[in-house]
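This is query-v1.pdb (PDB, C-alpha atoms).
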ATOM      1  CA  MET A  23     112.272 128.000  68.086  1.00  0.00           C
ATOM      2  CA  THR A  24     114.318 126.827  71.054  1.00  0.00           C
ATOM      3  CA  GLN A  25     112.568 129.255  73.397  1.00  0.00           C
ATOM      4  CA  LEU A  26     109.125 128.052  72.231  1.00  0.00           C
ATOM      5  CA  PHE A  27     110.208 124.456  72.815  1.00  0.00           C
ATOM      6  CA  ARG A  28     111.341 125.287  76.359  1.00  0.00           C
ATOM      7  CA  VAL A  29     108.071 127.050  77.174  1.00  0.00           C
ATOM      8  CA  LEU A  30     106.026 124.134  75.844  1.00  0.00           C
ATOM      9  CA  LEU A  31     108.173 121.638  77.724  1.00  0.00           C
ATOM     10  CA  ALA A  32     107.737 123.639  80.939  1.00  0.00           C
ATOM     11  CA  LEU A  33     103.950 123.724  80.452  1.00  0.00           C
ATOM     12  CA  VAL A  34     103.824 119.976  79.848  1.00  0.00           C
ATOM     13  CA  CYS A  35     105.898 119.346  82.985  1.00  0.00           C
ATOM     14  CA  VAL A  36     103.642 121.579  85.077  1.00  0.00           C
ATOM     15  CA  PHE A  37     100.548 119.851  83.698  1.00  0.00           C
ATOM     16  CA  PHE A  38     101.820 116.351  84.457  1.00  0.00           C
ATOM     17  CA  SER A  39     103.094 117.285  87.902  1.00  0.00           C
ATOM     18  CA  ALA A  40      99.593 118.540  88.789  1.00  0.00           C
ATOM     19  CA  LEU A  41      97.832 115.305  87.782  1.00  0.00           C
ATOM     20  CA  PRO A  42      98.257 113.568  91.166  1.00  0.00           C
ATOM     21  CA  VAL A  43      96.647 116.577  92.858  1.00  0.00           C
ATOM     22  CA  LEU A  44      93.708 116.421  90.471  1.00  0.00           C
ATOM     23  CA  ALA A  45      93.317 112.691  91.091  1.00  0.00           C
ATOM     24  CA  HIS A  46      93.103 113.098  94.858  1.00  0.00           C
ATOM     25  CA  HIS A  47      89.653 113.474  96.354  1.00  0.00           C
ATOM     26  CA  SER A  48      88.083 114.625  99.559  1.00  0.00           C
ATOM     27  CA  PHE A  49      86.483 112.132 101.918  1.00  0.00           C
ATOM     28  CA  GLU A  50      83.195 114.053 101.911  1.00  0.00           C
ATOM     29  CA  ALA A  51      83.001 114.117  98.114  1.00  0.00           C
ATOM     30  CA  GLU A  52      83.277 110.365  97.710  1.00  0.00           C
ATOM     31  CA  PHE A  53      82.003 108.736 100.923  1.00  0.00           C
ATOM     32  CA  ASP A  54      78.887 109.118 103.071  1.00  0.00           C
ATOM     33  CA  GLY A  55      80.339 110.143 106.427  1.00  0.00           C
ATOM     34  CA  SER A  56      76.906 110.018 108.071  1.00  0.00           C
ATOM     35  CA  LYS A  57      76.881 106.209 107.760  1.00  0.00           C
ATOM     36  CA  LEU A  58      79.208 103.727 109.389  1.00  0.00           C
ATOM     37  CA  LEU A  59      78.403 100.168 108.339  1.00  0.00           C
ATOM     38  CA  THR A  60      80.003  96.914 109.441  1.00  0.00           C
ATOM     39  CA  PHE A  61      81.178  94.395 106.842  1.00  0.00           C
ATOM     40  CA  THR A  62      82.507  90.898 107.530  1.00  0.00           C
ATOM     41  CA  GLY A  63      84.236  88.860 104.862  1.00  0.00           C
ATOM     42  CA  VAL A  64      87.367  87.111 103.651  1.00  0.00           C
ATOM     43  CA  LEU A  65      90.395  89.337 103.057  1.00  0.00           C
ATOM     44  CA  THR A  66      91.494  88.735  99.466  1.00  0.00           C
ATOM     45  CA  LYS A  67      93.935  91.496  98.562  1.00  0.00           C
ATOM     46  CA  LEU A  68      95.958  94.434  99.904  1.00  0.00           C
ATOM     47  CA  GLU A  69      97.208  97.371  97.827  1.00  0.00           C
ATOM     48  CA  TRP A  70      99.794  99.186  99.954  1.00  0.00           C
ATOM     49  CA  GLN A  71     100.196 102.435  98.019  1.00  0.00           C
ATOM     50  CA  ASN A  72     100.001 106.230  98.161  1.00  0.00           C
ATOM     51  CA  PRO A  73      97.997 108.389  98.461  1.00  0.00           C
ATOM     52  CA  HIS A  74      95.638 105.751  99.910  1.00  0.00           C
ATOM     53  CA  GLY A  75      95.914 102.029 100.362  1.00  0.00           C
ATOM     54  CA  TRP A  76      93.095  99.611  99.565  1.00  0.00           C
ATOM     55  CA  PHE A  77      92.083  96.187 100.786  1.00  0.00           C
ATOM     56  CA  TYR A  78      89.405  93.893  99.451  1.00  0.00           C
ATOM     57  CA  LEU A  79      86.910  91.618 101.196  1.00  0.00           C
ATOM     58  CA  ASP A  80      84.614  88.988  99.740  1.00  0.00           C
ATOM     59  CA  VAL A  81      81.433  89.668 101.741  1.00  0.00           C
ATOM     60  CA  LYS A  82      78.551  87.164 101.914  1.00  0.00           C
ATOM     61  CA  ASP A  83      75.005  88.456 102.177  1.00  0.00           C
ATOM     62  CA  ASP A  84      72.136  86.717 103.996  1.00  0.00           C
ATOM     63  CA  LYS A  85      71.434  84.547 100.925  1.00  0.00           C
ATOM     64  CA  GLY A  86      75.044  83.395 100.589  1.00  0.00           C
ATOM     65  CA  ALA A  87      75.882  85.499  97.535  1.00  0.00           C
ATOM     66  CA  VAL A  88      79.453  86.825  97.639  1.00  0.00           C
ATOM     67  CA  THR A  89      80.250  90.413  96.675  1.00  0.00           C
ATOM     68  CA  ARG A  90      83.735  91.894  96.470  1.00  0.00           C
ATOM     69  CA  TRP A  91      84.103  95.149  98.416  1.00  0.00           C
ATOM     70  CA  ALA A  92      87.027  97.588  98.158  1.00  0.00           C
ATOM     71  CA  PHE A  93      87.992  99.569 101.272  1.00  0.00           C
ATOM     72  CA  GLU A  94      90.126 102.690 101.180  1.00  0.00           C
ATOM     73  CA  ILE A  95      92.588 103.128 104.019  1.00  0.00           C
ATOM     74  CA  ALA A  96      94.977 105.916 104.951  1.00  0.00           C
ATOM     75  CA  ALA A  97      98.388 106.258 103.340  1.00  0.00           C
ATOM     76  CA  PRO A  98     100.965 103.662 104.409  1.00  0.00           C
ATOM     77  CA  ASN A  99     103.010 106.229 106.354  1.00  0.00           C
ATOM     78  CA  VAL A 100      99.923 107.181 108.415  1.00  0.00           C
ATOM     79  CA  LEU A 101      99.108 103.543 109.160  1.00  0.00           C
ATOM     80  CA  ARG A 102     102.712 102.824 110.126  1.00  0.00           C
ATOM     81  CA  ARG A 103     102.460 105.611 112.697  1.00  0.00           C
ATOM     82  CA  PHE A 104      99.462 103.824 114.228  1.00  0.00           C
ATOM     83  CA  ASP A 105     101.404 100.524 114.269  1.00  0.00           C
ATOM     84  CA  GLU A 106     104.541  99.740 112.278  1.00  0.00           C
ATOM     85  CA  ASN A 107     103.305  96.182 111.610  1.00  0.00           C
ATOM     86  CA  THR A 108      99.989  97.125 109.990  1.00  0.00           C
ATOM     87  CA  ARG A 109     100.992  95.836 106.555  1.00  0.00           C
ATOM     88  CA  GLU A 110     102.139  92.526 108.033  1.00  0.00           C
ATOM     89  CA  TYR A 111      98.805  92.101 109.860  1.00  0.00           C
ATOM     90  CA  PHE A 112      97.016  92.374 106.523  1.00  0.00           C
ATOM     91  CA  LEU A 113      99.427  90.036 104.736  1.00  0.00           C
ATOM     92  CA  THR A 114      99.203  87.331 107.409  1.00  0.00           C
ATOM     93  CA  ASN A 115      95.399  87.565 107.436  1.00  0.00           C
ATOM     94  CA  GLN A 116      94.840  87.155 103.703  1.00  0.00           C
ATOM     95  CA  GLY A 117      92.348  84.376 103.157  1.00  0.00           C
ATOM     96  CA  LYS A 118      90.932  84.823 106.669  1.00  0.00           C
ATOM     97  CA  VAL A 119      87.683  86.386 107.852  1.00  0.00           C
ATOM     98  CA  MET A 120      87.873  89.922 109.195  1.00  0.00           C
ATOM     99  CA  SER A 121      85.446  92.772 109.879  1.00  0.00           C
ATOM    100  CA  VAL A 122      85.549  96.440 109.003  1.00  0.00           C
ATOM    101  CA  ALA A 123      83.519  99.482 110.016  1.00  0.00           C
ATOM    102  CA  ALA A 124      83.373 101.798 107.017  1.00  0.00           C
ATOM    103  CA  SER A 125      81.559 104.682 105.373  1.00  0.00           C
ATOM    104  CA  PRO A 126      80.081 103.566 102.038  1.00  0.00           C
ATOM    105  CA  ALA A 127      80.614 105.332  98.722  1.00  0.00           C
ATOM    106  CA  LYS A 128      77.979 107.907  97.852  1.00  0.00           C
ATOM    107  CA  ASN A 129      77.654 106.583  94.289  1.00  0.00           C
ATOM    108  CA  GLY A 130      76.453 103.135  95.414  1.00  0.00           C
ATOM    109  CA  THR A 131      79.479 101.172  94.204  1.00  0.00           C
ATOM    110  CA  ASN A 132      80.978  98.413  96.334  1.00  0.00           C
ATOM    111  CA  LYS A 133      83.620 100.545  97.952  1.00  0.00           C
ATOM    112  CA  ALA A 134      83.903 102.274 101.298  1.00  0.00           C
ATOM    113  CA  ALA A 135      86.336 104.239 103.461  1.00  0.00           C
ATOM    114  CA  ALA A 136      87.536 102.023 106.309  1.00  0.00           C
ATOM    115  CA  ASP A 137      87.384 103.481 109.803  1.00  0.00           C
ATOM    116  CA  LYS A 138      88.478 100.480 111.888  1.00  0.00           C
ATOM    117  CA  VAL A 139      89.180  96.819 111.191  1.00  0.00           C
ATOM    118  CA  LYS A 140      89.042  93.763 113.401  1.00  0.00           C
ATOM    119  CA  PHE A 141      91.397  90.955 112.509  1.00  0.00           C
ATOM    120  CA  VAL A 142      90.673  87.302 113.282  1.00  0.00           C
ATOM    121  CA  ASP A 143      92.891  87.446 116.405  1.00  0.00           C
ATOM    122  CA  GLY A 144      90.652  90.186 117.848  1.00  0.00           C
ATOM    123  CA  ARG A 145      93.064  93.052 117.153  1.00  0.00           C
ATOM    124  CA  ILE A 146      91.144  96.259 116.345  1.00  0.00           C
ATOM    125  CA  MET A 147      93.016  98.954 114.441  1.00  0.00           C
ATOM    126  CA  ALA A 148      92.193 102.417 113.105  1.00  0.00           C
ATOM    127  CA  MET A 149      92.543 102.616 109.330  1.00  0.00           C
ATOM    128  CA  GLY A 150      92.005 106.273 108.618  1.00  0.00           C
ATOM    129  CA  SER A 151      93.452 109.619 109.384  1.00  0.00           C
ATOM    130  CA  LYS A 152      91.773 111.874 111.938  1.00  0.00           C
ATOM    131  CA  ARG A 153      89.250 113.030 109.337  1.00  0.00           C
ATOM    132  CA  TYR A 154      87.599 109.608 109.730  1.00  0.00           C
ATOM    133  CA  HIS A 155      87.410 109.916 113.524  1.00  0.00           C
ATOM    134  CA  GLY A 156      86.126 113.438 114.258  1.00  0.00           C
ATOM    135  CA  GLY A 157      83.400 114.450 116.721  1.00  0.00           C
ATOM    136  CA  ALA A 158      80.487 114.081 114.299  1.00  0.00           C
ATOM    137  CA  ARG A 159      81.840 110.678 113.256  1.00  0.00           C
ATOM    138  CA  ALA A 160      81.610 109.412 116.824  1.00  0.00           C
ATOM    139  CA  ASN A 161      77.885 110.217 116.849  1.00  0.00           C
ATOM    140  CA  ALA A 162      77.425 108.613 113.425  1.00  0.00           C
ATOM    141  CA  TRP A 163      79.193 105.502 114.754  1.00  0.00           C
ATOM    142  CA  ARG A 164      76.705 105.217 117.597  1.00  0.00           C
ATOM    143  CA  SER A 165      73.650 105.726 115.424  1.00  0.00           C
ATOM    144  CA  GLU A 166      74.743 103.525 112.528  1.00  0.00           C
ATOM    145  CA  SER A 167      76.530 100.575 114.105  1.00  0.00           C
ATOM    146  CA  ALA A 168      73.354  98.979 115.432  1.00  0.00           C
ATOM    147  CA  GLY A 169      71.506  99.524 112.143  1.00  0.00           C
ATOM    148  CA  ALA A 170      74.102  98.285 109.690  1.00  0.00           C
ATOM    149  CA  GLN A 171      72.228  95.039 109.041  1.00  0.00           C
ATOM    150  CA  ASP A 172      69.370  96.793 107.245  1.00  0.00           C
ATOM    151  CA  SER A 173      71.525  96.700 104.103  1.00  0.00           C
ATOM    152  CA  GLY A 174      72.097  92.955 104.370  1.00  0.00           C
ATOM    153  CA  ARG A 175      75.608  93.363 105.714  1.00  0.00           C
ATOM    154  CA  PRO A 176      76.630  91.688 108.972  1.00  0.00           C
ATOM    155  CA  SER A 177      77.258  93.896 111.987  1.00  0.00           C
ATOM    156  CA  GLY A 178      78.129  93.724 115.653  1.00  0.00           C
ATOM    157  CA  PHE A 179      81.872  93.448 116.283  1.00  0.00           C
ATOM    158  CA  LEU A 180      82.270  97.079 117.230  1.00  0.00           C
ATOM    159  CA  ARG A 181      79.539  97.306 119.866  1.00  0.00           C
ATOM    160  CA  SER A 182      82.172  97.204 122.624  1.00  0.00           C
ATOM    161  CA  LEU A 183      83.831 100.247 121.037  1.00  0.00           C
ATOM    162  CA  VAL A 184      80.515 102.071 120.807  1.00  0.00           C
ATOM    163  CA  SER A 185      79.894 101.552 124.497  1.00  0.00           C
ATOM    164  CA  GLY A 186      83.408 102.734 125.319  1.00  0.00           C
ATOM    165  CA  ARG A 187      84.930  99.333 126.111  1.00  0.00           C
ATOM    166  CA  GLY A 188      87.769  97.952 124.010  1.00  0.00           C
ATOM    167  CA  THR A 189      89.330 101.230 122.896  1.00  0.00           C
TER     168      THR A 189
END

Re-express the file's structure as structure tokens.
Amino acid sequence: MTQLFRVLLALVCVFFSALPVLAHHSFEAEFDGSKLLTFTGVLTKLEWQNPHGWFYLDVKDDKGAVTRWAFEIAAPNVLRRFDENTREYFLTNQGKVMSVAASPAKNGTNKAAADKVKFVDGRIMAMGSKRYHGGARANAWRSESAGAQDSGRPSGFLRSLVSGRGT
């Protein structure tokens, strides 16, 4: 009986230790990497957590209706390597307008994978790991940044990056 209990306990431990792996997703499975849209809205919340952080913007459309959007960002340790004050930039900008270039979710929900953000002070920061910035993504950036308004979302802050200025 004791041996059976140990085997069952080991199986339960293995099962629960594998759950975080099952919960993780690939970028390509969840987000449309062929699109890079620009959103502008008020920063309302930051979730600084692993395996990915999230921030939320209240985005106004052309008619003035506000929609809450969730944006996935890289893990905190990745963002700290970009700039150790990334979390503080988000916290000090809560309640302020900011812009984000992001790939929307494939399922049509109001979430997207953030590529770069622009804070109110003009600071532009990368928000994803290198998988968000690869060679094909640079071409998608160029083709999508000018056309992001067709979905009713504001665009334009990243045109200097598209042309090669401001990076």

Taking the file above as input, evaluate the PyMOL selection byres ((chain A and resi 130) around 12) and report the hits as an MDAnalysis selection string. chainID A and resid 52:54 91 125:129 131:134 173

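From CA of Pro98 (chain A) back to CA of Glu110 (chain A), the distance works out to 11.8 Å.
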
Picked residues, the PyMOL selection byres ((chain A and resi 97) around 7), expected as a PyMOL selection string: chain A and resi 71-75+95-96+98-101

Between A:Ser121, A:Thr62, A:Thr114, A:Thr24, which residue has the minimum interatomic distance to Thr89 (chain A), considering only C-alpha atoms? A:Thr62

Give me, please, the distance in Å between CA of Asp80 (chain A) and CA of Tyr111 (chain A), quoted to one decimal. 17.7 Å

Figure out the distance between CA of Thr60 (chain A) and CA of Gln116 (chain A), please, to one decimal in Å. 18.7 Å

Using the chain letters and numbering of this document, enumerate as a short mmCIF file (atom, residue, chain, number, x, y, z; two decimals) with C-alpha atoms, keeping the file's coordinate frame the residues selected by the PyMOL selection byres ((chain A and resi 137-149) around 8).
data_model
loop_
_atom_site.label_atom_id
_atom_site.label_comp_id
_atom_site.auth_asym_id
_atom_site.auth_seq_id
_atom_site.Cartn_x
_atom_site.Cartn_y
_atom_site.Cartn_z
CA ILE A 95 92.59 103.13 104.02
CA ALA A 96 94.98 105.92 104.95
CA LEU A 101 99.11 103.54 109.16
CA PHE A 104 99.46 103.82 114.23
CA TYR A 111 98.80 92.10 109.86
CA ASN A 115 95.40 87.56 107.44
CA LYS A 118 90.93 84.82 106.67
CA VAL A 119 87.68 86.39 107.85
CA MET A 120 87.87 89.92 109.20
CA SER A 121 85.45 92.77 109.88
CA VAL A 122 85.55 96.44 109.00
CA ALA A 123 83.52 99.48 110.02
CA ALA A 124 83.37 101.80 107.02
CA SER A 125 81.56 104.68 105.37
CA ALA A 135 86.34 104.24 103.46
CA ALA A 136 87.54 102.02 106.31
CA GLY A 150 92.00 106.27 108.62
CA SER A 151 93.45 109.62 109.38
CA TYR A 154 87.60 109.61 109.73
CA HIS A 155 87.41 109.92 113.52
CA PHE A 179 81.87 93.45 116.28
#

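Near Tyr78 (chain A), within 10 Å and counting all atoms listed in the file, sit Gly63, Val64, Leu65, Thr66, Lys67, Leu68, Glu69, Trp76, Asp80, Val81, Arg90, Trp91, Ala92, Phe93, Glu94, Gln116 and Lys133 of chain A; same-chain residues fewer than 2 positions away were not included.
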
Set up a box along x, y and z of the file covering all listed atoms of region 89-96 of chain A, add 6 Å on every one of the six sides, and write the centre and edge lengths in Å to one decimal, as AutoDock Vina command-line options.
--center_x 87.6 --center_y 98.2 --center_z 100.7 --size_x 26.7 --size_y 27.5 --size_z 20.5
